Number of protein chains: 2
Amino acid sequence: MRSSPRKRSNNLTINDVAALAGVSYQTVSRVLNAMPHVSATTRERVQTVLRQVGFRPNMTARQLATQRSTTVGLVTFATSFFGPSQIMVNSEHAAKEMGLSFMFSSIVEQSAQEVRRAVDELCAHQVCGILIHLPWVVDLRDLREVCRNIPMVAVDSNFGFKCPSVFIDQESGSRKATRHLIDLGHRKIAYLRGPVFWRAAELRYRGWWKELKAKGLEPGPVENGDWTAESGFEATKRLQKKWGECTAIVVANDQMALGSIRAFEESGVRVPKNVSVVGFDDIPEAGFYRPPLSTIKQDFAALGRLSMQCLMAQLQSPPEYPRIRPIQPTLIERKSTGSCSMPQDSLVNTEVDGAPPVSRGRRRSAQQPSSEE
Amino acid sequence: MRSSPRKRSNNLTINDVAALAGVSYQTVSRVLNAMPHVSATTRERVQTVLRQVGFRPNMTARQLATQRSTTVGLVTFATSFFGPSQIMVNSEHAAKEMGLSFMFSSIVEQSAQEVRRAVDELCAHQVCGILIHLPWVVDLRDLREVCRNIPMVAVDSNFGFKCPSVFIDQESGSRKATRHLIDLGHRKIAYLRGPVFWRAAELRYRGWWKELKAKGLEPGPVENGDWTAESGFEATKRLQKKWGECTAIVVANDQMALGSIRAFEESGVRVPKNVSVVGFDDIPEAGFYRPPLSTIKQDFAALGRLSMQCLMAQLQSPPEYPRIRPIQPTLIERKSTGSCSMPQDSLVNTEVDGAPPVSRGRRRSAQQPSSEE
DNA sequence: GGCCAGAATGTGAGCGCTCACAGAAACAAA
DNA sequence: TTTGTTTCTGTGAGCGCTCACATTCTGGCC
């Protein structure tokens with residue numbers, strides 16, 4: 001340690017650059033910020049010095065002086081799962097594209113206090129806005145108060161109060177999965193749910209239920225998993241005991257669907273011959289499972305982009321609540337689903353394009369060609 | 001916009017707290033930083049006010065004043081892949097556990113300039129240290145210069161110059177995979193490589209090669225993929241044309257192994273009956289593939305922890321280069337590998353419980369029991 | 001020349017905090 | 001009382017930058 005009057009950073013400041021270029025620090029500042037009222041020759045000279053010394057403006061000082069910031073924060077939970085990690089990666093990309101830096105704080109336990117801590121941390125660092133993705137359903141009404149004047153966006157989350165948000169339409173996605181099975185002629189369809197407290201688990205479950213009800217079908221048996229393949233395997237074993245007449249199953253995510261398929265195959269039930277399975281997420285490997293998994297794809301890149309747009313919109317017009325309409329997931333049809341071959345007693349109108357009910361057996365809906373990437 | 005003399009942040013400062021508590025700002029600062037020489041009563045009074053107003057110190061100002069920082073940065077590439085995203089998540093966890101904040105900047109293209117940009121960005125934000133994980137092999141000798149006085153750690157990376165680093169022993173992991181197959185009696189073993197420029201791809205490939213050579217075996221055919229299941233599928237199709245006497249294959253990661261297995265099955269080759277497949281990574285679903293995949297597990301949590309330790313060590317003693325010894329991956333034995341059943345000209349000892357070598361051909365190494373977690 | 005608009009440049013002050021040091025208070029020893 | 005010693009508290013200054021304003025320099029016009 002030196003005994004100099006003050007420990008100075010060994011980085012150059014705009015004052016050093018100013019001295020080297022023979023101008024005032026303000027002129028350097030003007031050049032750095034591309035402001036007008038600097039003569040071409042002066043600008044040139046300053047820029048040369050900036051390049052020569054490899055000047056790097058101190059964002060900390062700038063942030064303090066301007067009371068503005070070019071850093072956004074993200075709060076997330078359970079980053080080891082597919083959804084959260086996708087949100088993390090895609091938010092960062094979107095932020096980078098807007099020229100913003102990115103801070104990140106993950107939550108390790110499911111408590112409001114932990115959330116508060118993470119938000120506090122980011123706010124203390126003066127981020128210009130916060131994206132929050134918390135996958136579980138929990139009352140977080142004090143979040144607004146913690147954020148204070150710092151804008152926030154709920155990313156595919158619901159905190160129990162009105163706040164700018166961007167969503168993927170989980171329910172609609174799940175309805176698409178269910179409809180796909182119904183279109184294939186399945187009438188008794190089971191469900192493999194995600195963990196109880198997860199918002200997406202609830203919404204996807206609801207989508208399955210609503211679609212069945214809308215088609216006048218009775219929901220099949222339900223079991224719960226924890227998103228892992230293993231839990232999907234176990235839950236399917238349990239489901240099989242109350243399987244009844246089921247010919248298909250909607251599974252809340254791809255990993256569990258994988259476990260489910262294994263459970264079926266292990267007990268001699270073939271997919272899709274004896275049972276159709278549809279997943280959710282379209283993880284990169286889904287097309288190479290055996291059989292390749294029909295599933296629902298979420299556009300996380302769009303989610304990241306829209307979240308950032310929503311945040312930026314707030315910086316300009318704080319009073320508005322730009323609720324962006326939900327992002328629609330899409331069905332990816334592969335080989336884990338097939339038309340129902342089991343005998344059915346009742347025949348049902350599958351309600352596509354107002355086509356009349358069919359006499360007997362199932363009818364197929366106009367299906368877009370199965371897109372496989 | 002107000003026309004006040006200066007746009008003041010609407011957050012409270014230590015001056016406001018000082019006024020409320022009837023002390024000087026310095027006393028508040030002392031309380032905030034848990035410094036000595038504050039009487040118990042004063043401390044109490046200040047703390048009460050701090051709590052009441054929910055004071056949140058401005059880290060930006062603190063950072064500027066102290067010339068120190070409690071934020072670490074991470075630079076990464078290809079965060080959509082398993083390894084990089086694991087490194088991202090686990091580094092953040094390790095940082096949080098040390099009470100540090102976390103900034104993150106991803107690289108979108110494989111260029112030294114992009115790396116420079118990312119490092120510059122983090123340095124401009126005055127991070128106290130930088131973790132860099134760049135999976136490809138490329139000369140980045142100027143990185144040291146870009147970082148200047150800011151300590152950095154190469155995380156499972158090699159930049160062509162001496163620098164503090166933490167590694168996972170990719171080569172050793174790959175040797176373990178290969179040895180496992182040899183122990184099962186396989187003598188002609190193919191390899192499915194990762195993309196050319198990736199460091200891990202090269203090291204894993206080398207591990208396979210070295211292990212075979214060490215056992216006096218001739219390397220089988222090799223093909224390249226790009227880490228995706230699809231590329232594994234395609235590459236295996238190509239490999240099958242030059243398959244020869246092969247009875248097993250080492251694949252550079254699990255996704256490609258999945259594609260590979262599908263390719264085999266599709267052409268009527270059964271795994272593990274006709275061919276044994278071993279992967280690398282142990283992604284969460286690997287145990288639920290069909291067949292469950294034997295693979296090599298990397299301890300990313302340890303990698304994150306050690307990386308942060310390495311960084312912290314540098315902050316204390318900059319001149320030293322704490323090279324931490326590589327983290328050893330472990331073999332996870334599942335069902336995609338089995339003893340070689342193809343007719344061999346030479347009969348092979350499958351080496352259970354120290355059975356003696358067999359007359360013809362090969363030698364065996366002393367093998368530790370395969371550990372499964 | 002005189003005058004002025006407008007461009008170019010420079011000068012204080014302050015963002016919120018900490019550091020170094022200066023005082024003030026409390027208490028004991030001389 | 002004086003002096004010293006310890007504990008507590010307060011005061012300037014400065015971290016690197018930007019803002020608002022002041023000043024100087026141009027060139028054009030009457």
# chains A, B, ... in the order shown; residues from 1 in each chain; ligands from 1
>>> interface_residues(of="chain A", to="chain D", cutoff="10 Å", atoms="only C-alpha atoms (C1' of nucleotides)", output="PyMOL selection string")
chain A and resi 6-9+12-15+25-26+29-30+57-67
>>> calpha_fit_rmsd(fixed="chain A", moving="chain B")
2.1 Å
>>> closest_residue(among="B:Val127, B:Leu134, B:Leu315, B:Val222", to="chain A", atoms="only C-alpha atoms")
B:Val127
>>> select_by_dssp(residues="segment 150-352 of chain B", states="strand (DSSP E or B)", output="PyMOL selection string")
chain B and resi 152-155+165-166+168+189-193+198+222-224+248-251+276-278+281+294-297+327+330-332
>>> closest_atom_pairs(of="chain B", to="chain A", cutoff="8 Å", atoms="only C-alpha atoms", output="tab-separated table")
residue	atom	partner	partner_atom	distance
B:Arg8	CA	A:Gln67	CA	7.7
B:Ser9	CA	A:Gln67	CA	6.6
B:Arg56	CA	A:Ala124	CA	6.1
B:Pro57	CA	A:Ala124	CA	6.2
B:Asn58	CA	A:Ala124	CA	5.3
B:Met59	CA	A:His125	CA	5.2
B:Thr60	CA	A:Thr60	CA	5.5
B:Ala61	CA	A:Leu64	CA	6.2
B:Gln63	CA	A:Thr60	CA	7.2
B:Leu64	CA	A:Ala61	CA	6.2
B:Gln67	CA	A:Ser9	CA	6.6
B:Thr79	CA	A:Val89	CA	6.6
B:Ser80	CA	A:Val89	CA	7.4
B:Ser85	CA	A:Ser85	CA	7.6
B:Gln86	CA	A:Ser80	CA	7.7
B:Val89	CA	A:Thr79	CA	6.6
B:Glu92	CA	A:Ser105	CA	7.5
B:His93	CA	A:Ser106	CA	7.6
B:Lys96	CA	A:Ser105	CA	7.9
B:Ser101	CA	A:Ser105	CA	7.4
B:Phe102	CA	A:Phe104	CA	5.8
B:Met103	CA	A:Met103	CA	4.4
B:Phe104	CA	A:Phe102	CA	5.8
B:Ser105	CA	A:Phe102	CA	7.0
B:Ser106	CA	A:His93	CA	7.6
B:Asp120	CA	A:Arg56	CA	7.5
B:Glu121	CA	A:Ser101	CA	7.7
B:Ala124	CA	A:Asn58	CA	5.3
B:His125	CA	A:Met59	CA	5.2
B:Gln126	CA	A:Thr60	CA	7.0
B:Thr228	CA	A:Glu285	CA	7.8
B:Ala229	CA	A:Glu285	CA	6.1
B:Glu230	CA	A:Phe288	CA	7.4
B:Gln255	CA	A:Glu285	CA	6.6
B:Leu258	CA	A:Phe288	CA	6.7
B:Gly259	CA	A:Phe288	CA	6.0
B:Arg262	CA	A:Phe288	CA	6.9
B:Pro284	CA	A:Thr228	CA	7.8
B:Glu285	CA	A:Ala229	CA	6.1
B:Phe288	CA	A:Gly259	CA	6.0
B:Tyr289	CA	A:Tyr289	CA	7.3
B:Arg290	CA	A:Arg290	CA	7.2
>>> write_last_selection(atoms="C-alpha atoms", output="CSV table (one decimal), in the first residue's frame")
chain,number,residue,atom,x,y,z
B,8,ARG,CA,-31.9,14.9,-7.4
B,9,SER,CA,-32.6,11.3,-7.1
B,56,ARG,CA,-30.4,1.3,0.7
B,57,PRO,CA,-26.8,2.5,0.3
B,58,ASN,CA,-25.9,3.5,-3.2
B,59,MET,CA,-23.3,1.0,-4.3
B,60,THR,CA,-22.4,3.1,-7.3
B,61,ALA,CA,-21.3,6.0,-5.0
B,63,GLN,CA,-17.7,2.0,-5.4
B,64,LEU,CA,-16.6,5.3,-6.8
B,67,GLN,CA,-12.2,2.5,-5.7
B,79,THR,CA,-24.9,-20.0,-23.4
B,80,SER,CA,-27.5,-22.2,-25.0
B,85,SER,CA,-25.1,-22.4,-19.1
B,86,GLN,CA,-24.0,-24.6,-16.2
B,89,VAL,CA,-25.5,-20.5,-13.2
B,92,GLU,CA,-23.4,-16.8,-10.0
B,93,HIS,CA,-24.2,-19.1,-7.1
B,96,LYS,CA,-23.6,-14.9,-4.2
B,101,SER,CA,-22.9,-9.3,-7.1
B,102,PHE,CA,-22.8,-10.6,-10.6
B,103,MET,CA,-22.6,-9.1,-14.0
B,104,PHE,CA,-22.8,-11.1,-17.2
B,105,SER,CA,-21.9,-10.5,-20.8
B,106,SER,CA,-22.2,-13.1,-23.5
B,120,ASP,CA,-14.3,-3.8,-21.8
B,121,GLU,CA,-17.9,-3.5,-20.8
B,124,ALA,CA,-16.0,-0.1,-17.4
B,125,HIS,CA,-18.4,-1.1,-14.8
B,126,GLN,CA,-15.5,-1.5,-12.4
B,228,THR,CA,-26.6,-31.2,-31.2
B,229,ALA,CA,-28.6,-34.4,-31.3
B,230,GLU,CA,-29.3,-33.9,-34.9
B,255,GLN,CA,-27.1,-34.8,-27.0
B,258,LEU,CA,-28.8,-39.4,-28.1
B,259,GLY,CA,-28.8,-38.7,-31.8
B,262,ARG,CA,-31.3,-43.1,-32.7
B,284,PRO,CA,-30.4,-34.4,-16.2
B,285,GLU,CA,-32.3,-36.5,-18.7
B,288,PHE,CA,-34.0,-41.7,-18.9
B,289,TYR,CA,-32.9,-42.1,-22.5
B,290,ARG,CA,-33.5,-45.4,-24.0
>>> select_by_dssp(residues="segment 121-345 of chain A", states="helix (DSSP H, G or I)", output="MDAnalysis selection string")
chainID A and resid 121:124 143:147 170:183 199:214 229:241 254:266 286:288 300:316
>>> atom_distance(atom1="atom CA of Met308 of chain B", atom2="atom CA of Met98 of chain B")
8.5 Å
>>> closest_atom_pairs(of="chain C", to="chain A", cutoff="12 Å", atoms="only C-alpha atoms (C1' of nucleotides)", output="CSV")
residue,atom,partner,partner_atom,distance
C:DG6,C1',A:His37,CA,10.1
C:DA7,C1',A:His37,CA,6.2
C:DA8,C1',A:His37,CA,5.8
C:DT9,C1',A:Thr27,CA,7.2
C:DG10,C1',A:Ser24,CA,6.4
C:DT11,C1',A:Gln26,CA,9.4
C:DG12,C1',A:Gln26,CA,11.9
C:DA13,C1',A:Ala65,CA,11.6
C:DG14,C1',A:Ala65,CA,8.1
C:DC15,C1',A:Ala65,CA,4.5
C:DG16,C1',A:Leu64,CA,7.6
C:DC17,C1',A:Leu64,CA,10.2
C:DT18,C1',A:Arg6,CA,11.1
C:DC19,C1',A:Arg6,CA,7.7
C:DA20,C1',A:Pro5,CA,8.4
C:DC21,C1',A:Pro5,CA,11.5
>>> write_last_selection(atoms="N, CA and C atoms (P, O5', C5', C4', C3', O3' and C1' of nucleotides)", output="CSV table (one decimal), in the first residue's frame")
chain,number,residue,atom,x,y,z
C,6,DG,P,-29.1,32.5,-33.8
C,6,DG,O5',-27.7,31.7,-33.7
C,6,DG,C5',-26.9,31.6,-34.9
C,6,DG,C4',-25.6,31.1,-34.5
C,6,DG,C3',-25.6,29.8,-33.7
C,6,DG,O3',-24.9,28.8,-34.3
C,6,DG,C1',-24.1,31.3,-32.8
C,7,DA,P,-25.1,27.2,-34.0
C,7,DA,O5',-23.6,26.7,-34.0
C,7,DA,C5',-22.7,27.3,-35.0
C,7,DA,C4',-21.4,27.4,-34.4
C,7,DA,C3',-20.9,26.2,-33.6
C,7,DA,O3',-19.6,25.8,-34.2
C,7,DA,C1',-20.5,28.1,-32.3
C,8,DA,P,-18.9,24.4,-33.7
C,8,DA,O5',-18.0,24.9,-32.6
C,8,DA,C5',-16.8,25.6,-32.9
C,8,DA,C4',-16.1,26.0,-31.7
C,8,DA,C3',-15.6,24.8,-30.8
C,8,DA,O3',-14.2,24.9,-30.7
C,8,DA,C1',-16.7,26.5,-29.5
C,9,DT,P,-13.4,23.7,-30.0
C,9,DT,O5',-13.4,24.2,-28.5
C,9,DT,C5',-12.6,25.3,-28.1
C,9,DT,C4',-12.9,25.7,-26.7
C,9,DT,C3',-12.6,24.7,-25.6
C,9,DT,O3',-11.3,25.1,-25.0
C,9,DT,C1',-14.6,26.0,-25.2
C,10,DG,P,-10.8,24.3,-23.8
C,10,DG,O5',-11.4,25.1,-22.6
C,10,DG,C5',-11.2,26.5,-22.5
C,10,DG,C4',-11.9,27.0,-21.2
C,10,DG,C3',-11.6,26.3,-19.9
C,10,DG,O3',-11.3,27.3,-18.9
C,10,DG,C1',-13.9,26.4,-20.2
C,11,DT,P,-10.7,26.8,-17.5
C,11,DT,O5',-12.0,27.0,-16.6
C,11,DT,C5',-12.6,28.3,-16.6
C,11,DT,C4',-13.7,28.3,-15.6
C,11,DT,C3',-13.4,27.6,-14.2
C,11,DT,O3',-13.7,28.5,-13.2
C,11,DT,C1',-15.4,26.7,-15.1
C,12,DG,P,-13.3,28.2,-11.7
C,12,DG,O5',-14.6,27.5,-11.2
C,12,DG,C5',-15.2,28.0,-10.0
C,12,DG,C4',-16.7,27.6,-10.0
C,12,DG,C3',-17.1,26.8,-8.8
C,12,DG,O3',-18.1,27.4,-8.1
C,12,DG,C1',-17.8,25.8,-10.9
C,13,DA,P,-18.3,27.0,-6.6
C,13,DA,O5',-19.4,25.8,-6.9
C,13,DA,C5',-20.5,26.0,-7.7
C,13,DA,C4',-21.3,24.7,-7.9
C,13,DA,C3',-21.3,23.9,-6.6
C,13,DA,O3',-22.7,23.4,-6.4
C,13,DA,C1',-20.6,22.6,-8.5
C,14,DG,P,-23.1,22.9,-5.0
C,14,DG,O5',-23.6,21.5,-5.3
C,14,DG,C5',-24.4,21.2,-6.4
C,14,DG,C4',-24.3,19.8,-6.9
C,14,DG,C3',-24.2,18.8,-5.7
C,14,DG,O3',-25.1,17.8,-5.9
C,14,DG,C1',-22.5,18.4,-7.2
C,15,DC,P,-25.8,17.0,-4.7
C,15,DC,O5',-26.0,15.5,-5.3
C,15,DC,C5',-26.6,15.3,-6.5
C,15,DC,C4',-26.1,14.0,-7.1
C,15,DC,C3',-25.8,13.0,-6.1
C,15,DC,O3',-27.0,12.1,-5.9
C,15,DC,C1',-24.0,13.1,-7.7
C,16,DG,P,-27.7,12.0,-4.5
C,16,DG,O5',-26.8,11.0,-3.8
C,16,DG,C5',-26.7,9.6,-4.2
C,16,DG,C4',-25.6,9.0,-3.5
C,16,DG,C3',-25.7,9.0,-2.0
C,16,DG,O3',-25.4,7.6,-1.5
C,16,DG,C1',-23.6,9.8,-2.7
C,17,DC,P,-25.5,7.2,0.0
C,17,DC,O5',-23.9,7.0,0.2
C,17,DC,C5',-23.2,6.0,-0.3
C,17,DC,C4',-21.7,6.3,-0.4
C,17,DC,C3',-21.0,6.2,0.9
C,17,DC,O3',-20.6,4.9,1.2
C,17,DC,C1',-20.2,8.0,-0.6
C,18,DT,P,-20.0,4.6,2.6
C,18,DT,O5',-18.4,5.0,2.4
C,18,DT,C5',-17.6,4.4,1.4
C,18,DT,C4',-16.3,5.0,1.4
C,18,DT,C3',-15.5,4.9,2.7
C,18,DT,O3',-14.2,4.5,2.4
C,18,DT,C1',-15.6,7.1,2.1
C,19,DC,P,-13.2,3.9,3.5
C,19,DC,O5',-12.1,5.0,3.6
C,19,DC,C5',-11.3,5.2,2.4
C,19,DC,C4',-10.5,6.6,2.6
C,19,DC,C3',-9.7,6.6,3.9
C,19,DC,O3',-8.3,6.8,3.5
C,19,DC,C1',-11.1,8.6,3.6
C,20,DA,P,-7.2,6.5,4.6
C,20,DA,O5',-6.9,8.0,5.1
C,20,DA,C5',-6.5,9.0,4.2
C,20,DA,C4',-6.5,10.3,4.9
C,20,DA,C3',-5.8,10.4,6.2
C,20,DA,O3',-4.8,11.5,6.2
C,20,DA,C1',-8.0,11.2,6.4
C,21,DC,P,-3.8,11.6,7.4
C,21,DC,O5',-4.5,12.7,8.3
C,21,DC,C5',-4.9,13.9,7.7
C,21,DC,C4',-6.0,14.6,8.5
C,21,DC,C3',-5.6,14.9,10.0
C,21,DC,O3',-5.6,16.3,10.1
C,21,DC,C1',-7.8,14.1,9.8
>>> atom_distance(atom1="atom CA of Phe82 of chain A", atom2="atom CA of Asp299 of chain A")
12.5 Å
>>> residues_around(residues="segment 162-176 of chain B", least_positions_apart="3", cutoff="9 Å", atoms="only C-alpha atoms (C1' of nucleotides)", output="JSON, numbers by chain")
{"B": [144, 151, 152, 153, 154, 155, 156, 157, 158, 159, 179, 180, 181, 200, 201, 202, 203, 204, 205, 206, 207, 208, 209, 210, 211, 212, 250, 252, 280, 296, 297, 298, 299, 300, 303, 304, 306, 307, 310, 311, 314, 320, 321, 322, 323, 324, 325, 326, 327, 328, 329, 330, 331]}
>>> write_last_selection(atoms="C-alpha atoms", output="tab-separated table (two decimals), in the first residue's frame")
chain	number	residue	atom	x	y	z
B	144	ARG	CA	-4.34	-9.50	-20.32
B	151	PRO	CA	-7.80	-9.85	-12.12
B	152	MET	CA	-9.21	-12.53	-14.34
B	153	VAL	CA	-9.62	-16.28	-14.23
B	154	ALA	CA	-9.86	-18.58	-17.19
B	155	VAL	CA	-12.70	-20.97	-16.47
B	156	ASP	CA	-12.11	-24.25	-18.23
B	157	SER	CA	-10.44	-22.24	-20.97
B	158	ASN	CA	-7.04	-21.65	-22.45
B	159	PHE	CA	-6.11	-18.35	-24.00
B	179	ARG	CA	-11.44	-47.22	-20.48
B	180	HIS	CA	-14.91	-48.21	-19.42
B	181	LEU	CA	-15.55	-49.59	-22.91
B	200	ALA	CA	-13.28	-29.47	-24.95
B	201	ALA	CA	-13.92	-31.26	-28.21
B	202	GLU	CA	-10.21	-31.48	-28.87
B	203	LEU	CA	-9.33	-32.60	-25.34
B	204	ARG	CA	-12.01	-35.25	-25.20
B	205	TYR	CA	-10.95	-36.54	-28.57
B	206	ARG	CA	-7.38	-36.67	-27.39
B	207	GLY	CA	-8.42	-38.56	-24.26
B	208	TRP	CA	-10.07	-41.25	-26.33
B	209	TRP	CA	-7.03	-41.51	-28.55
B	210	LYS	CA	-4.51	-41.63	-25.73
B	211	GLU	CA	-6.39	-44.24	-23.77
B	212	LEU	CA	-6.61	-46.48	-26.79
B	250	VAL	CA	-17.36	-42.72	-27.46
B	252	ALA	CA	-18.31	-36.14	-27.11
B	280	PHE	CA	-20.26	-36.91	-21.86
B	296	ILE	CA	-19.20	-38.73	-17.79
B	297	LYS	CA	-20.30	-36.26	-15.18
B	298	GLN	CA	-18.61	-32.89	-14.66
B	299	ASP	CA	-18.88	-31.11	-11.35
B	300	PHE	CA	-19.86	-27.61	-12.42
B	303	LEU	CA	-15.90	-25.42	-11.00
B	304	GLY	CA	-17.87	-22.32	-10.09
B	306	LEU	CA	-13.06	-22.89	-7.37
B	307	SER	CA	-13.18	-20.20	-10.04
B	310	CYS	CA	-9.14	-18.41	-7.57
B	311	LEU	CA	-10.36	-14.91	-8.31
B	314	GLN	CA	-5.74	-12.98	-6.80
B	320	GLU	CA	0.85	-15.36	-7.73
B	321	TYR	CA	-0.73	-17.60	-10.29
B	322	PRO	CA	-2.84	-19.98	-8.30
B	323	ARG	CA	-3.28	-22.84	-10.69
B	324	ILE	CA	-5.81	-25.11	-9.17
B	325	ARG	CA	-5.47	-28.72	-10.08
B	326	PRO	CA	-8.07	-29.92	-12.53
B	327	ILE	CA	-11.43	-31.21	-11.39
B	328	GLN	CA	-11.86	-34.89	-12.15
B	329	PRO	CA	-15.03	-35.94	-13.95
B	330	THR	CA	-16.61	-39.22	-12.98
B	331	LEU	CA	-18.07	-42.10	-14.91
>>> atom_distance(atom1="atom CA of Ala235 of chain B", atom2="atom CA of Thr247 of chain B")
16.5 Å
